[in-house]
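See structure below.
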Protein chains: 4
Amino acid sequence: MSLNTFGHLFRVTTWGESHGPALGATVDGCPPGVALDADMLQHWLDRRRPGQNKNMTQRNEPDAVQILSGVYEGQTTGTPIQMMIENTDQRSKDYGDIANTFRPGHADITYHLKYGLRDPRGGGRSSARETAARVAAGGVARAALAALVPGLEIKGYMTAMGEMEIDRSRFDWNAIDGNDFWIPDADAAPEWEAYLQNLRKEHDSVGAIVEVVARGVPAGLGAPVYGKLDTDLAAACMSINAVKGVEIGEGMAAAKLKGSENADEIFMGENGPEFSSNHAGGILGGISTGQDVVVRFAVKPTSSILTPRQSIRTDGTPIEVVTKGRHDPCVGIRAVPVGEAMVACVILDHLLLHRGQVGIGPRGKIG
Amino acid sequence: MSLNTFGHLFRVTTWGESHGPALGATVDGCPPGVALDADMLQHWLDRRRPGQNKNMTQRNEPDAVQILSGVYEGQTTGTPIQMMIENTDQRSKDYGDIANTFRPGHADITYHLKYGLRDPRGGGRSSARETAARVAAGGVARAALAALVPGLEIKGYMTAMGEMEIDRSRFDWNAIDGNDFWIPDADAAPEWEAYLQNLRKEHDSVGAIVEVVARGVPAGLGAPVYGKLDTDLAAACMSINAVKGVEIGEGMAAAKLKGSENADEIFMGENGPEFSSNHAGGILGGISTGQDVVVRFAVKPTSSILTPRQSIRTDGTPIEVVTKGRHDPCVGIRAVPVGEAMVACVILDHLLLHRGQVGIGPRGKIG
Amino acid sequence: MSLNTFGHLFRVTTWGESHGPALGATVDGCPPGVALDADMLQHWLDRRRPGQNKNMTQRNEPDAVQILSGVYEGQTTGTPIQMMIENTDQRSKDYGDIANTFRPGHADITYHLKYGLRDPRGGGRSSARETAARVAAGGVARAALAALVPGLEIKGYMTAMGEMEIDRSRFDWNAIDGNDFWIPDADAAPEWEAYLQNLRKEHDSVGAIVEVVARGVPAGLGAPVYGKLDTDLAAACMSINAVKGVEIGEGMAAAKLKGSENADEIFMGENGPEFSSNHAGGILGGISTGQDVVVRFAVKPTSSILTPRQSIRTDGTPIEVVTKGRHDPCVGIRAVPVGEAMVACVILDHLLLHRGQVGIGPRGKIG
Amino acid sequence: MSLNTFGHLFRVTTWGESHGPALGATVDGCPPGVALDADMLQHWLDRRRPGQNKNMTQRNEPDAVQILSGVYEGQTTGTPIQMMIENTDQRSKDYGDIANTFRPGHADITYHLKYGLRDPRGGGRSSARETAARVAAGGVARAALAALVPGLEIKGYMTAMGEMEIDRSRFDWNAIDGNDFWIPDADAAPEWEAYLQNLRKEHDSVGAIVEVVARGVPAGLGAPVYGKLDTDLAAACMSINAVKGVEIGEGMAAAKLKGSENADEIFMGENGPEFSSNHAGGILGGISTGQDVVVRFAVKPTSSILTPRQSIRTDGTPIEVVTKGRHDPCVGIRAVPVGEAMVACVILDHLLLHRGQVGIGPRGKIG
């Protein structure tokens, strides 16, 4: 993870500001011969796209992605893939009055302190719009994974939003895509919506927890001790705007467990080793076990709210900030496809890294 | 973070196995002219050293560090600093019977699957002994930070261990170094000790939460959007053995907050901007604000316990595993100095990175 | 140097194919507050632009560069700078007949062998058009250098082209920009032109040597022993299409010298140490001395010629290749601004790297 | 190439000074399961070892290498391999008088300027002793290559030394190991020796050219456009002490060739494509063709000579420098095994890199 690039072999560089002419991602190191076109990427971008329902910002961006390089006659060539998304619904004037104001909870003040200047329009580089580029890159990763590991599936969903929390006993994998909150419980969605709309009316916002599961990840991925699979997943998720915590498997709750409860017991199954449980979240010693890889992250509440907050201007004078513009009452919702994209990129990267050092597939045999 | 190296400019490479002849760390990119000798490093290593009290493993390792390069007449020269710690108390026979057994909750099975072979003695590379090398590297980082940012202080402590939890209203910064658990409450230590010794008698172990605070970190450190300060802190902490979750500021609890509660309000203080609170943990948009940087991580319970657990051998046959040897009932205790070391390395690295791109100190003025 | 990115802190990623919709460069890590606009970059791109005179390919590309990110109100913001150049004069049909043919001396066969497929139009990614993106990045580096090291000058010129060679006794720094060959001798240009036009009529091409000098480089730049200044310059120049050799100072001729001839003697001048000569090319032990940094590289003759050459098709059958299309009779000419750009990027990168590790300017005092 | 580490996946970090307690190399990313022990490495180190004959420095270092990690029961485990060489024949007093003197042609002055201090004993980090660590790393690379690409051979030899030059018509691959100069012509060795001994008596030294050939390199290695195989080879060779020029195939001589002479024609052989010649040195577009990879580099004459040279002290006062101590009259001789080691590391690294991105072996079929 280095400034605006992440990944060891599958390397993603994103660029662009919220209200500049365009933003995008450059993917370098993609395997050649992967079937890819703009429509495949658009499918994933549409999931993150703003303005789709009343639980999201009403900024209306088509987020139409163009592939400018690295694909020839529908296949990746192994050279850099440039994906560009033009910004179309820029209302910079919405931000005119905040050019010299630091919005509480935003990166305005730290960008100013670090760089001495910033593009204030819509948060510039620190805007959540940057995550569109991640989703495009994740689409490339998914296409490559589909070719290399058939059956691998990556799915994100919300597990909590403020006071709302999913009931794990009602978990329904198939319900996730069927509601506006990406929650695994179709019946719960109306209650979540009522809760969120009420907060919006109160000019407030709320945080959320997103869980991403990767099923079918081969055992053996991860590069101890500083390129561990969980290390890179933690970095990938923590780099997403507004994320304040990342967990693998039991996560923070592991602190309350005893050793006799936590370690997953091992049995020999028909196709290799199996585990009695998955407290580890599919990763031991930084290497995938073959179980579901389970990553969870917390997204803080949107800082842009209509409720007045105390702050200062660039000149140090006090100001009461009320952030107008068009904002998500819970950015956690749109963080779901972003989390999926980051997980997809990390897993593909580690697949290539493992193939580079060790060769294809797990090297050790059991049984 | 790349295999066994981490850092952008202050780069740390660790090497060595639990029961090999030695282990160590190579630090590359340290500023020249920093006062450094082996005693300064030994001070930090002694804090992590096993066998110091009955709450730790009884393996007796002096962990004496030698500096083999990069220091001349008591000063760093800017060239690689090689630090070696010889292993002296290796009882490999303790591990003889586990060469072909996968201990539940350990990296035995994943190292086997990934590499096809492994050094089984004491966990080999996946042993917590590797963290001694991190602490040595952290000692170099602290020495450089002392020269570059006088007054900067980095301190770790435990906030929870199984059912034990600190009472934040009794938080005493000065109590931390005075008890075996690095907890900020001298009066609570006896209760923690009784709890842990009871678990040990029950042949069990327990998880913990460690918090590390860095005070006096200049504003402006962090390299958005993939080299954010919190991104690198998350990776650094997640790479520590047994860590399953990492939080910045509010962490996972941010999911429950409203925007009107979470965003820290800004005021103009005598020496620059001040904040009404520190939900952000000192980082906004991936860049330090000048407030305390607050990192928290969960350590899972030691998997090596005397309670029998089901597992398999390399040949797939079942076996009941009882892990003898000398193990920490709560590895979280010794993770405290390790967490401090990782935070020190990351902050120094970002200080150099910021100086490289932007120059010395925050560039933007306020007021 | 990693796939399509180079640089440690000033990192350049290029993307795009010869006949795709566009190509470009992403510059990450540029210092903030540098004055920059598209016109400043266009100045340098125009020097490399094809179709300017009869000694170049007649492909007519305006090479108009757009800045899509990282610049706000005429200043760099410290975030990624995306520069895009749209391809306008694509005559892909010129290449239709070579999709299944390997042109001798070209990367057609190796791209095919490596990736299994390739974009055959104009050489795809291996086309010299990729160097336009380098020149754009070099323009950013020059702008940053102008701000950080006033007076630093980087200039390239040809020293040889086939049988032509410059007469060092007639070296005229000011003549370089005044002729089509970038040679430091105005009177020699007509002879070079006659020589080249004759080769073109013979359906042939020819190699060249380019020398790039950087004046005013501060002492102390370079990161021994694998990030030496000469190491990175060698890599940067060898990565340019068609380059087969790189020299620093005396270069290959150092093999003929005695120690008593080669080592530059040192004297104390008014402003610090001075040297009696510059056999070292301004670099000792991988670190700049403060003298002129002198880099030289050889460019092989264009492989695309009208003279028939034996080769094979993808199916292994033989074919006589006559490369039509519009090609430079000597690609060395247009390699001059490319070499300058690479040297500019490397020097800025090392300036930032030095500032990161050591601070601003040389640290050691003499006298 | 980053400070003291090189390589993408097979990463080598060297550390240590000429007169410190030890020096060494850490190899990270080596494939697991490679047969390796200290004797295998010693074989290569013995070729570079000083004091073997009168054409070398008389410093007597056994250069005995110890493996401290990463190897278990005779096989690499995939974890970092630490190799340490203790310095035994340090005569630091030889250097006592030069602590405040800058030897012409040496890195003394630039290390001083950059870092503000330096270890003056024997050149400290800039000593050619550092190359022993490279040879150890090269030994690991050779062991891994032997396992992955049976039949691959890497051999270096001198092609010139001052006025001496090999006669290519008498080239004898088998003669190389049979003489003190590693030249491919047994009959020429006595003349080279007489020439060198005469120079030594005259208190002088001389430069040399070393050529390294890698036979049996699979087609398809190299990562355009900034991780090209020739780019990385150029960097690897230029990073060797005293190297001033690097060539691939025709090298600088390509500037004199016409396109009709230079491009290697392609034919279909029994086992795939063959070439009529190898002007390209086995690399086209930065990717190996399957032909011999041919790298050549020039080593400048040893700067440490008994002939007096003008210089200055740290305080700026003039001094006449006569470098006593024990020095090679031609460091080019011992650069031969170093060049081989660097080429071995780069080729293995690119083999792993290719395997990571594309899979095993060339992907494209011909015929």
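Ordering of the structure tokens sets the chain letters (A, B, ...); residue numbers start at 1 within each chain; ligands are numbered from 1 in the order shown.
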Using only C-alpha atoms, determine which residues lie at most 9 Å from B:Thr231, disregarding the query and same-chain residues fewer than 2 positions distant; provide the list as a PyMOL selection string. (chain A and resi 1+234-240) or (chain B and resi 222+225-229+233-236+286)
Report as a PyMOL selection string: the residues of stretch 139-289 of chain B with a DSSP assignment of strand (DSSP E), based on the backbone of this structure. chain B and resi 153-161+164-165+208-215+243-248+266-269+272-275+283-284+287-288
Writing out the chosen residues with C-alpha atoms as a compact mmCIF listing (two decimals), in the first residue's frame:
# COMPACT_ATOMS: atom_id res chain seq x y z
CA GLU B 153 5.49 9.44 23.23
CA ILE B 154 4.15 6.00 22.34
CA LYS B 155 2.58 3.84 25.00
CA GLY B 156 0.63 0.60 24.92
CA TYR B 157 -1.55 -1.01 27.56
CA MET B 158 -4.21 -3.67 27.90
CA THR B 159 -7.84 -2.61 28.06
CA ALA B 160 -9.40 -6.05 28.32
CA MET B 161 -8.51 -9.69 28.96
CA MET B 164 -11.61 -8.35 32.74
CA GLU B 165 -11.98 -4.82 31.40
CA ALA B 208 -7.08 -9.63 25.16
CA ILE B 209 -7.37 -6.12 23.79
CA VAL B 210 -4.33 -3.87 23.53
CA GLU B 211 -4.51 -0.12 22.98
CA VAL B 212 -1.56 1.94 21.78
CA VAL B 213 -1.55 5.72 21.99
CA ALA B 214 0.91 7.99 20.22
CA ARG B 215 1.04 11.48 21.72
CA VAL B 243 -4.37 -10.41 16.12
CA LYS B 244 -7.92 -10.65 14.74
CA GLY B 245 -9.19 -7.07 14.78
CA VAL B 246 -7.87 -3.52 14.59
CA GLU B 247 -9.59 -0.27 15.46
CA ILE B 248 -8.79 3.43 15.14
CA ILE B 266 -13.10 22.05 15.88
CA PHE B 267 -12.05 25.10 17.86
CA MET B 268 -9.13 27.48 17.60
CA GLY B 269 -6.71 26.95 20.45
CA GLY B 272 -3.60 25.95 16.48
CA PRO B 273 -6.78 23.98 15.96
CA GLU B 274 -8.17 21.88 18.79
CA PHE B 275 -10.94 19.34 18.88
CA ILE B 283 -6.76 10.55 12.04
CA LEU B 284 -9.07 12.15 9.45
CA ILE B 287 -3.91 11.94 7.83
CA SER B 288 -2.97 12.75 11.42
Using only C-alpha atoms, find each residue in chain A having at least one atom no more than 7 Å away from chain C; report its shortest atom-to-atom pair and that distance in Å (one decimal), rows by chain then rising number, as a Markdown table.
| residue | atom | partner | partner_atom | distance |
| --- | --- | --- | --- | --- |
| A:Asn4 | CA | C:Asp28 | CA | 6.8 |
| A:Trp15 | CA | C:Pro80 | CA | 5.4 |
| A:Gly16 | CA | C:Ser69 | CA | 4.9 |
| A:Glu17 | CA | C:Ser69 | CA | 6.4 |
| A:Gly20 | CA | C:Ser69 | CA | 6.3 |
| A:Pro21 | CA | C:Leu68 | CA | 5.9 |
| A:Ala22 | CA | C:Leu68 | CA | 6.1 |
| A:Asp28 | CA | C:Asn4 | CA | 6.8 |
| A:Pro32 | CA | C:Tyr115 | CA | 5.7 |
| A:Leu68 | CA | C:Pro21 | CA | 5.9 |
| A:Ser69 | CA | C:Gly16 | CA | 4.9 |
| A:Gly70 | CA | C:Gly16 | CA | 6.9 |
| A:Tyr72 | CA | C:Asp119 | CA | 5.9 |
| A:Thr77 | CA | C:Arg118 | CA | 5.9 |
| A:Gly78 | CA | C:Tyr115 | CA | 6.4 |
| A:Pro80 | CA | C:Trp15 | CA | 5.4 |
| A:Gln82 | CA | C:Trp15 | CA | 6.7 |
| A:Tyr115 | CA | C:Pro32 | CA | 5.7 |
| A:Leu117 | CA | C:Thr77 | CA | 6.3 |
| A:Arg118 | CA | C:Thr77 | CA | 5.9 |
| A:Asp119 | CA | C:Tyr72 | CA | 5.9 |
For the atom pair atom CA of C:Tyr195 and atom CA of C:Glu163, what is the interatomic distance in Å to one decimal place? 8.7 Å
Near A:Arg48, counting only C-alpha atoms, which residues have an atom at most 10 Å away, once you skip same-chain residues fewer than 4 positions from it, shown as a ChimeraX atom specification? /A:42-44,52,56,63,129,131-132,135,333-338
Could you state the separation of atom CA of C:Thr323 and atom CA of C:Ile98 in Å, given to one decimal place? 8.7 Å
As a check of understanding: the span from atom CA of B:Arg363 to atom CA of A:Glu130 is 24.0 Å
For the helix (DSSP H, G or I) assignment from backbone DSSP, which residues of stretch 205-299 of chain B qualify? Please present them as a tab-separated table (two decimals) with N, CA and C atoms, in the first residue's frame.
chain	number	residue	atom	x	y	z
B	229	LEU	N	-2.43	6.82	7.05
B	229	LEU	CA	-1.81	6.47	8.32
B	229	LEU	C	-2.57	5.33	9.00
B	230	ASP	N	-3.90	5.39	8.97
B	230	ASP	CA	-4.67	4.32	9.62
B	230	ASP	C	-4.58	3.01	8.83
B	231	THR	N	-4.47	3.11	7.52
B	231	THR	CA	-4.28	1.91	6.70
B	231	THR	C	-3.01	1.18	7.12
B	232	ASP	N	-1.94	1.92	7.23
B	232	ASP	CA	-0.66	1.29	7.57
B	232	ASP	C	-0.63	0.82	9.02
B	233	LEU	N	-1.30	1.56	9.91
B	233	LEU	CA	-1.39	1.10	11.29
B	233	LEU	C	-2.20	-0.19	11.37
B	234	ALA	N	-3.28	-0.25	10.61
B	234	ALA	CA	-4.11	-1.47	10.62
B	234	ALA	C	-3.31	-2.65	10.13
B	235	ALA	N	-2.57	-2.46	9.05
B	235	ALA	CA	-1.76	-3.55	8.51
B	235	ALA	C	-0.69	-3.97	9.51
B	236	ALA	N	-0.03	-2.97	10.09
B	236	ALA	CA	1.05	-3.27	11.03
B	236	ALA	C	0.55	-4.08	12.21
B	237	CYS	N	-0.62	-3.72	12.75
B	237	CYS	CA	-1.13	-4.43	13.91
B	237	CYS	C	-1.71	-5.79	13.51
B	238	MET	N	-2.40	-5.84	12.39
B	238	MET	CA	-2.99	-7.12	11.97
B	238	MET	C	-1.90	-8.14	11.64
B	251	GLY	N	-13.47	2.98	16.44
B	251	GLY	CA	-13.40	1.61	15.92
B	251	GLY	C	-14.75	1.06	15.54
B	252	MET	N	-14.98	-0.21	15.86
B	252	MET	CA	-16.22	-0.88	15.48
B	252	MET	C	-17.44	-0.18	16.08
B	253	ALA	N	-17.23	0.49	17.20
B	253	ALA	CA	-18.35	1.16	17.87
B	253	ALA	C	-18.88	2.34	17.07
B	254	ALA	N	-18.11	2.79	16.08
B	254	ALA	CA	-18.58	3.90	15.23
B	254	ALA	C	-19.87	3.54	14.51
B	255	ALA	N	-20.09	2.23	14.35
B	255	ALA	CA	-21.29	1.79	13.63
B	255	ALA	C	-22.56	2.17	14.37
B	256	LYS	N	-22.45	2.33	15.67
B	256	LYS	CA	-23.64	2.63	16.47
B	256	LYS	C	-23.88	4.13	16.61
B	259	GLY	N	-24.11	10.76	13.14
B	259	GLY	CA	-23.20	11.80	12.67
B	259	GLY	C	-23.09	12.96	13.64
B	260	SER	N	-24.19	13.26	14.32
B	260	SER	CA	-24.17	14.38	15.26
B	260	SER	C	-23.38	14.06	16.52
B	261	GLU	N	-23.12	12.76	16.74
B	261	GLU	CA	-22.33	12.37	17.91
B	261	GLU	C	-20.86	12.17	17.55
B	262	ASN	N	-20.61	11.72	16.34
B	262	ASN	CA	-19.29	11.19	16.02
B	262	ASN	C	-18.24	12.23	15.60
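Nearest to C:Gly162 of all the residues C:Val34, C:Cys345, C:Val206, C:Ala133 is C:Val206, counting only C-alpha atoms.
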